[in-house]
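Asks: One structure coming up, written as structure tokens, with questions to follow.
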Amino acid sequence: MKNIILLGPPGAGKGTQAKRLEEARGMVQLSTGDMLKEAIAKGTDLGRRVEGIMARGELVTDEIVIGLIEARMSDGARGGFIFDGFPRTLKQADALGELLSRTGQSLDAVIEMQVDDAALVARVTGRFTCGNCGAVYHDVTHPTRVAGVCDACGSTNMKRRADDNEETLKTRLMEYYKKTSPLIGYYHAKGQLSAVDGLADVEVVADAIAKVLDKG
Ligand code: ADP
Ligand code: AMP
């Protein structure tokens, strides 16, 4: 069993690779972004509290996301967890470390997905997902086989994110560089960091991640 973090800016390909790892290895994706979007869609108190913050591309508070992760981790995952979009601050990284050690688990790898900012605009503005199963597509690099129909589950309920526009991406990237990129040094210092080229084809990135996972 392996617990891993996928670390990288918005659009780096974390969700795409997390879904593949779930299928290939029986791992469980824990995406705080997806959990928060679900809360908004359901119109819960939490959803109402975070809606404006997310629309602006800012980070929600550490307490909120740590609470979400703690609740989901208690369900356990036989194949290991893929932390996607969490941790995003040093405080969240410390909290994750504590949660794992309290439950007798380890963090086996932190995979930094390296991409350049220029590629991210195209990645994010072309992104759409299946509202039923969460499969991730792209207008140019990964369209559905039949227009408007999910390859994985056949649903025609395709969604685009409100925050996937060039303007909000600027704020999201600024948040990433200010608050999340220090985690690269944090995990490097602990000897847990491996970097992969996130600009390569999806399959090539998947192979690079598999190598990291099978190494130790
Ligand atoms: P993240 O979860 O890091 O925000 P996603 O996995 O949602 O990123 O990917 C962002 C967009 O880029 C999606 O539209 C996805 O289809 C596309 N994408 C992901 N990985 C690649 C890749 N290696 N090459 C080209 N496009 C990709
Ligand atoms: P994502 O789907 O990972 O791109 O996240 C979408 C949005 O949810 C982000 O822009 C933040 O507003 C919020 N969010 C997701 N995960 C976190 C986190 N770990 N810490 C703070 N905010 C988060």
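In the structure tokens, chains take the letters A, B, ... in the order shown, each chain's residues start at 1, and ligands count up from 1 in the order shown.
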Mind checking which residues fall within 8 Å of Glu112 (chain A), counting only C-alpha atoms, ignoring those fewer than 4 positions away in the same chain, and posting them as JSON, numbers by chain?

Replies: {"A": [6, 7, 8, 184, 193, 194, 195, 196]}

Asks: Can you write out the residues you just picked, keeping C-alpha atoms, as a PDB file, in the first residue's frame?

Replies:
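Produced file out39.pdb, reproduced below:
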```pdb
ATOM      1  CA  LEU A   6       0.500  14.701  -6.427  1.00  0.00           C
ATOM      2  CA  LEU A   7       1.920  18.205  -6.229  1.00  0.00           C
ATOM      3  CA  GLY A   8       1.677  20.799  -8.976  1.00  0.00           C
ATOM      4  CA  ILE A 184       8.638  21.374  -2.821  1.00  0.00           C
ATOM      5  CA  LEU A 193      10.244  14.365  -3.405  1.00  0.00           C
ATOM      6  CA  SER A 194      10.382  13.007  -6.967  1.00  0.00           C
ATOM      7  CA  ALA A 195       9.792  15.194 -10.009  1.00  0.00           C
ATOM      8  CA  VAL A 196       8.166  14.134 -13.282  1.00  0.00           C
TER       9      VAL A 196
END
```

Asks: Just the residues within 12 Å of Thr125 (chain A), please, counting only C-alpha atoms, with nothing from its chain fewer than 5 positions along; format it as a ChimeraX atom specification.

Replies: /A:10-11,118-120,137-141,160-169

Asks: Emit the selected residues as a short mmCIF file (atom, residue, chain, number, x, y, z; two decimals), in the first residue's frame, including all heavy atoms.

Replies:
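Below is the file that was written, again.cif:
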```cif
data_model
loop_
_atom_site.label_atom_id
_atom_site.label_comp_id
_atom_site.auth_asym_id
_atom_site.auth_seq_id
_atom_site.Cartn_x
_atom_site.Cartn_y
_atom_site.Cartn_z
N PRO A 10 -2.43 24.36 -10.74
CA PRO A 10 -3.69 24.00 -11.39
C PRO A 10 -3.45 23.69 -12.86
O PRO A 10 -2.78 24.45 -13.55
CB PRO A 10 -4.56 25.26 -11.24
CG PRO A 10 -3.69 26.33 -10.71
CD PRO A 10 -2.48 25.70 -10.12
N GLY A 11 -3.97 22.55 -13.32
CA GLY A 11 -3.81 22.17 -14.72
C GLY A 11 -2.59 21.30 -14.97
O GLY A 11 -2.34 20.89 -16.10
N ALA A 118 2.90 28.81 -19.28
CA ALA A 118 2.30 29.04 -20.61
C ALA A 118 1.38 27.87 -20.97
O ALA A 118 0.30 28.07 -21.54
CB ALA A 118 3.39 29.21 -21.65
N ALA A 119 1.79 26.66 -20.62
CA ALA A 119 0.98 25.48 -20.97
C ALA A 119 -0.30 25.43 -20.13
O ALA A 119 -1.32 24.88 -20.57
CB ALA A 119 1.80 24.21 -20.74
N LEU A 120 -0.25 26.03 -18.95
CA LEU A 120 -1.39 25.88 -18.04
C LEU A 120 -2.64 26.61 -18.52
O LEU A 120 -3.75 26.14 -18.31
CB LEU A 120 -1.01 26.37 -16.64
CG LEU A 120 0.08 25.53 -15.97
CD1 LEU A 120 0.43 26.11 -14.62
CD2 LEU A 120 -0.36 24.08 -15.83
N TYR A 137 -11.30 15.48 -19.42
CA TYR A 137 -11.02 15.61 -20.86
C TYR A 137 -10.45 16.97 -21.18
O TYR A 137 -10.43 17.88 -20.35
CB TYR A 137 -12.33 15.41 -21.65
CG TYR A 137 -12.93 14.04 -21.46
CD1 TYR A 137 -13.99 13.84 -20.57
CD2 TYR A 137 -12.43 12.95 -22.15
CE1 TYR A 137 -14.53 12.58 -20.38
CE2 TYR A 137 -12.97 11.68 -21.97
CZ TYR A 137 -14.02 11.50 -21.08
OH TYR A 137 -14.55 10.26 -20.89
N HIS A 138 -10.03 17.10 -22.45
CA HIS A 138 -9.54 18.40 -22.94
C HIS A 138 -9.98 18.56 -24.39
O HIS A 138 -9.92 17.60 -25.16
CB HIS A 138 -8.02 18.45 -22.84
CG HIS A 138 -7.46 19.80 -23.10
ND1 HIS A 138 -7.24 20.29 -24.38
CD2 HIS A 138 -7.11 20.81 -22.26
CE1 HIS A 138 -6.76 21.51 -24.31
NE2 HIS A 138 -6.68 21.85 -23.04
N ASP A 139 -10.41 19.79 -24.74
CA ASP A 139 -10.90 20.05 -26.09
C ASP A 139 -9.91 19.60 -27.17
O ASP A 139 -10.31 19.07 -28.20
CB ASP A 139 -11.15 21.55 -26.29
CG ASP A 139 -12.33 22.03 -25.44
OD1 ASP A 139 -13.28 21.27 -25.26
OD2 ASP A 139 -12.27 23.18 -24.94
N VAL A 140 -8.61 19.83 -26.92
CA VAL A 140 -7.62 19.55 -27.95
C VAL A 140 -6.83 18.28 -27.65
O VAL A 140 -6.71 17.39 -28.50
CB VAL A 140 -6.63 20.75 -28.06
CG1 VAL A 140 -5.54 20.46 -29.09
CG2 VAL A 140 -7.39 22.02 -28.41
N THR A 141 -6.28 18.17 -26.43
CA THR A 141 -5.35 17.06 -26.16
C THR A 141 -6.06 15.76 -25.80
O THR A 141 -5.50 14.69 -25.97
CB THR A 141 -4.37 17.40 -25.01
OG1 THR A 141 -5.13 17.64 -23.80
CG2 THR A 141 -3.56 18.63 -25.32
N ARG A 160 -17.98 22.22 -17.25
CA ARG A 160 -16.79 23.07 -17.25
C ARG A 160 -16.76 23.82 -15.92
O ARG A 160 -17.80 24.19 -15.40
CB ARG A 160 -16.81 24.05 -18.42
CG ARG A 160 -16.51 23.35 -19.73
CD ARG A 160 -16.38 24.28 -20.90
NE ARG A 160 -16.42 23.48 -22.12
CZ ARG A 160 -15.34 23.07 -22.80
NH1 ARG A 160 -14.14 23.41 -22.39
NH2 ARG A 160 -15.46 22.33 -23.88
N ARG A 161 -15.56 24.06 -15.40
CA ARG A 161 -15.44 24.74 -14.11
C ARG A 161 -15.54 26.24 -14.28
O ARG A 161 -14.94 26.80 -15.19
CB ARG A 161 -14.09 24.40 -13.47
CG ARG A 161 -14.04 23.00 -12.97
CD ARG A 161 -12.65 22.61 -12.56
NE ARG A 161 -12.03 23.53 -11.61
CZ ARG A 161 -10.96 23.21 -10.90
NH1 ARG A 161 -10.43 22.01 -11.01
NH2 ARG A 161 -10.43 24.08 -10.06
N ALA A 162 -16.25 26.87 -13.35
CA ALA A 162 -16.41 28.33 -13.39
C ALA A 162 -15.06 29.02 -13.21
O ALA A 162 -14.85 30.12 -13.74
CB ALA A 162 -17.38 28.77 -12.29
N ASP A 163 -14.13 28.37 -12.47
CA ASP A 163 -12.84 29.03 -12.20
C ASP A 163 -11.80 28.73 -13.28
O ASP A 163 -10.66 29.16 -13.18
CB ASP A 163 -12.31 28.66 -10.80
CG ASP A 163 -12.11 27.17 -10.61
OD1 ASP A 163 -12.56 26.39 -11.48
OD2 ASP A 163 -11.51 26.78 -9.60
N ASP A 164 -12.18 27.98 -14.32
CA ASP A 164 -11.22 27.66 -15.39
C ASP A 164 -11.19 28.74 -16.47
O ASP A 164 -11.45 28.47 -17.64
CB ASP A 164 -11.54 26.30 -16.00
CG ASP A 164 -10.87 25.17 -15.23
OD1 ASP A 164 -10.06 25.46 -14.33
OD2 ASP A 164 -11.14 24.00 -15.55
N ASN A 165 -10.92 29.97 -16.06
CA ASN A 165 -10.76 31.04 -17.05
C ASN A 165 -9.42 31.73 -16.78
O ASN A 165 -8.85 31.59 -15.70
CB ASN A 165 -11.94 32.03 -16.96
CG ASN A 165 -12.03 32.63 -15.58
OD1 ASN A 165 -11.23 33.47 -15.19
ND2 ASN A 165 -13.01 32.19 -14.79
N GLU A 166 -8.93 32.43 -17.79
CA GLU A 166 -7.59 32.98 -17.73
C GLU A 166 -7.41 33.92 -16.53
O GLU A 166 -6.37 33.91 -15.87
CB GLU A 166 -7.30 33.72 -19.03
CG GLU A 166 -5.88 33.49 -19.48
CD GLU A 166 -5.59 34.08 -20.85
OE1 GLU A 166 -6.46 33.99 -21.75
OE2 GLU A 166 -4.50 34.62 -21.01
N GLU A 167 -8.43 34.71 -16.25
CA GLU A 167 -8.34 35.71 -15.19
C GLU A 167 -8.18 35.03 -13.81
O GLU A 167 -7.29 35.36 -13.03
CB GLU A 167 -9.63 36.58 -15.23
CG GLU A 167 -9.52 37.91 -14.53
CD GLU A 167 -8.23 38.68 -14.85
OE1 GLU A 167 -7.82 38.73 -16.02
OE2 GLU A 167 -7.64 39.20 -13.88
N THR A 168 -9.06 34.07 -13.52
CA THR A 168 -8.99 33.39 -12.22
C THR A 168 -7.73 32.54 -12.12
O THR A 168 -7.16 32.39 -11.04
CB THR A 168 -10.25 32.51 -12.01
OG1 THR A 168 -11.38 33.33 -12.24
CG2 THR A 168 -10.32 31.95 -10.60
N LEU A 169 -7.29 32.00 -13.26
CA LEU A 169 -6.07 31.19 -13.24
C LEU A 169 -4.89 32.01 -12.71
O LEU A 169 -4.03 31.47 -12.01
CB LEU A 169 -5.77 30.63 -14.64
CG LEU A 169 -4.50 29.75 -14.72
CD1 LEU A 169 -4.64 28.50 -13.85
CD2 LEU A 169 -4.19 29.37 -16.16
#
```

Asks: Within region 29-214 of chain A, find each residue whose DSSP state, derived from the backbone, is helix (DSSP H, G or I), and express the selection as an NGL selection string.

Replies: :A and (32-42 or 45-56 or 62-73 or 90-102 or 117-125 or 166-180 or 182-189 or 202-214)

Asks: Using only C-alpha atoms, which protein or nucleic acid residues come within 8 Å of region 64-78 of chain A? Drop anything in the same chain fewer than 6 positions from it, and give the result as a ChimeraX atom specification.

Replies: /A:1,26-28,30,32,35,86,92,95-96,99

Asks: Residues within 8 Å of ligand 2, counting only C-alpha atoms and all ligand atoms: report them as a VMD selection string.

Replies: chain A and resid 10 to 11 31 to 34 36 to 37 50 53 to 62 64 to 66 84 to 89 92 163 172

Asks: Taking only C-alpha atoms and all ligand atoms into account, list the residues no farther than 6 Å from ligand 1, as a compact mmCIF listing (two decimals) with N, CA, C and O atoms, in the first residue's frame.

Replies:
```txt
# COMPACT_ATOMS: atom_id res chain seq x y z
N PRO A 10 -2.43 24.36 -10.74
CA PRO A 10 -3.69 24.00 -11.39
C PRO A 10 -3.45 23.69 -12.86
O PRO A 10 -2.78 24.45 -13.55
N GLY A 11 -3.97 22.55 -13.32
CA GLY A 11 -3.81 22.17 -14.72
C GLY A 11 -2.59 21.30 -14.97
O GLY A 11 -2.34 20.89 -16.10
N ALA A 12 -1.83 20.96 -13.93
CA ALA A 12 -0.60 20.17 -14.12
C ALA A 12 -0.91 18.74 -14.56
O ALA A 12 -0.04 18.05 -15.11
N GLY A 13 -2.13 18.28 -14.30
CA GLY A 13 -2.50 16.91 -14.67
C GLY A 13 -2.68 15.98 -13.48
O GLY A 13 -2.72 14.76 -13.63
N LYS A 14 -2.85 16.54 -12.30
CA LYS A 14 -2.97 15.74 -11.07
C LYS A 14 -4.22 14.85 -11.11
O LYS A 14 -4.16 13.66 -10.83
N GLY A 15 -5.35 15.46 -11.43
CA GLY A 15 -6.60 14.70 -11.46
C GLY A 15 -6.58 13.60 -12.51
O GLY A 15 -7.04 12.48 -12.27
N THR A 16 -6.02 13.92 -13.66
CA THR A 16 -5.93 12.94 -14.75
C THR A 16 -5.14 11.72 -14.30
O THR A 16 -5.57 10.57 -14.48
N ARG A 123 -4.23 24.34 -20.93
CA ARG A 123 -4.73 23.15 -20.22
C ARG A 123 -6.07 23.45 -19.53
O ARG A 123 -7.02 22.70 -19.63
N VAL A 124 -6.08 24.57 -18.82
CA VAL A 124 -7.22 24.87 -17.96
C VAL A 124 -8.42 25.38 -18.77
O VAL A 124 -9.56 25.01 -18.50
N GLY A 126 -9.19 24.60 -21.75
CA GLY A 126 -9.77 23.53 -22.59
C GLY A 126 -10.33 22.37 -21.80
O GLY A 126 -10.79 21.38 -22.36
N ARG A 127 -10.28 22.47 -20.48
CA ARG A 127 -10.68 21.32 -19.63
C ARG A 127 -12.19 21.17 -19.52
O ARG A 127 -12.92 22.13 -19.36
N PHE A 128 -12.68 19.94 -19.61
CA PHE A 128 -14.06 19.63 -19.21
C PHE A 128 -14.07 18.25 -18.59
O PHE A 128 -13.17 17.43 -18.82
N VAL A 136 -11.68 13.14 -16.83
CA VAL A 136 -11.17 14.47 -17.22
C VAL A 136 -10.82 14.47 -18.71
O VAL A 136 -10.12 13.58 -19.19
N TYR A 137 -11.30 15.48 -19.42
CA TYR A 137 -11.02 15.61 -20.86
C TYR A 137 -10.45 16.97 -21.18
O TYR A 137 -10.43 17.88 -20.35
N HIS A 138 -10.03 17.10 -22.45
CA HIS A 138 -9.54 18.40 -22.94
C HIS A 138 -9.98 18.56 -24.39
O HIS A 138 -9.92 17.60 -25.16
N THR A 141 -6.28 18.17 -26.43
CA THR A 141 -5.35 17.06 -26.16
C THR A 141 -6.06 15.76 -25.80
O THR A 141 -5.50 14.69 -25.97
N HIS A 142 -7.29 15.84 -25.31
CA HIS A 142 -7.96 14.60 -24.91
C HIS A 142 -9.48 14.74 -25.03
O HIS A 142 -10.20 14.75 -24.04
N GLY A 198 5.56 17.00 -16.37
CA GLY A 198 4.11 17.02 -16.58
C GLY A 198 3.71 17.50 -17.96
O GLY A 198 2.53 17.45 -18.32
N LEU A 199 4.68 17.94 -18.75
CA LEU A 199 4.37 18.41 -20.11
C LEU A 199 4.36 17.25 -21.11
O LEU A 199 3.90 17.41 -22.24
N ALA A 200 4.85 16.10 -20.69
CA ALA A 200 4.87 14.94 -21.59
C ALA A 200 3.45 14.41 -21.80
O ALA A 200 2.51 14.84 -21.11
N ASP A 201 3.29 13.47 -22.76
CA ASP A 201 1.97 12.87 -22.99
C ASP A 201 1.47 12.18 -21.73
O ASP A 201 2.27 11.70 -20.92
N VAL A 202 0.15 12.09 -21.63
CA VAL A 202 -0.47 11.49 -20.44
C VAL A 202 0.13 10.11 -20.11
O VAL A 202 0.44 9.81 -18.96
```

Asks: Using DSSP secondary structure from the backbone, list all strand (DSSP E) positions within region 28-172 of chain A, as a ChimeraX atom specification.

Replies: /A:28-31,81-84,109-114,127-130,136-138,158-159
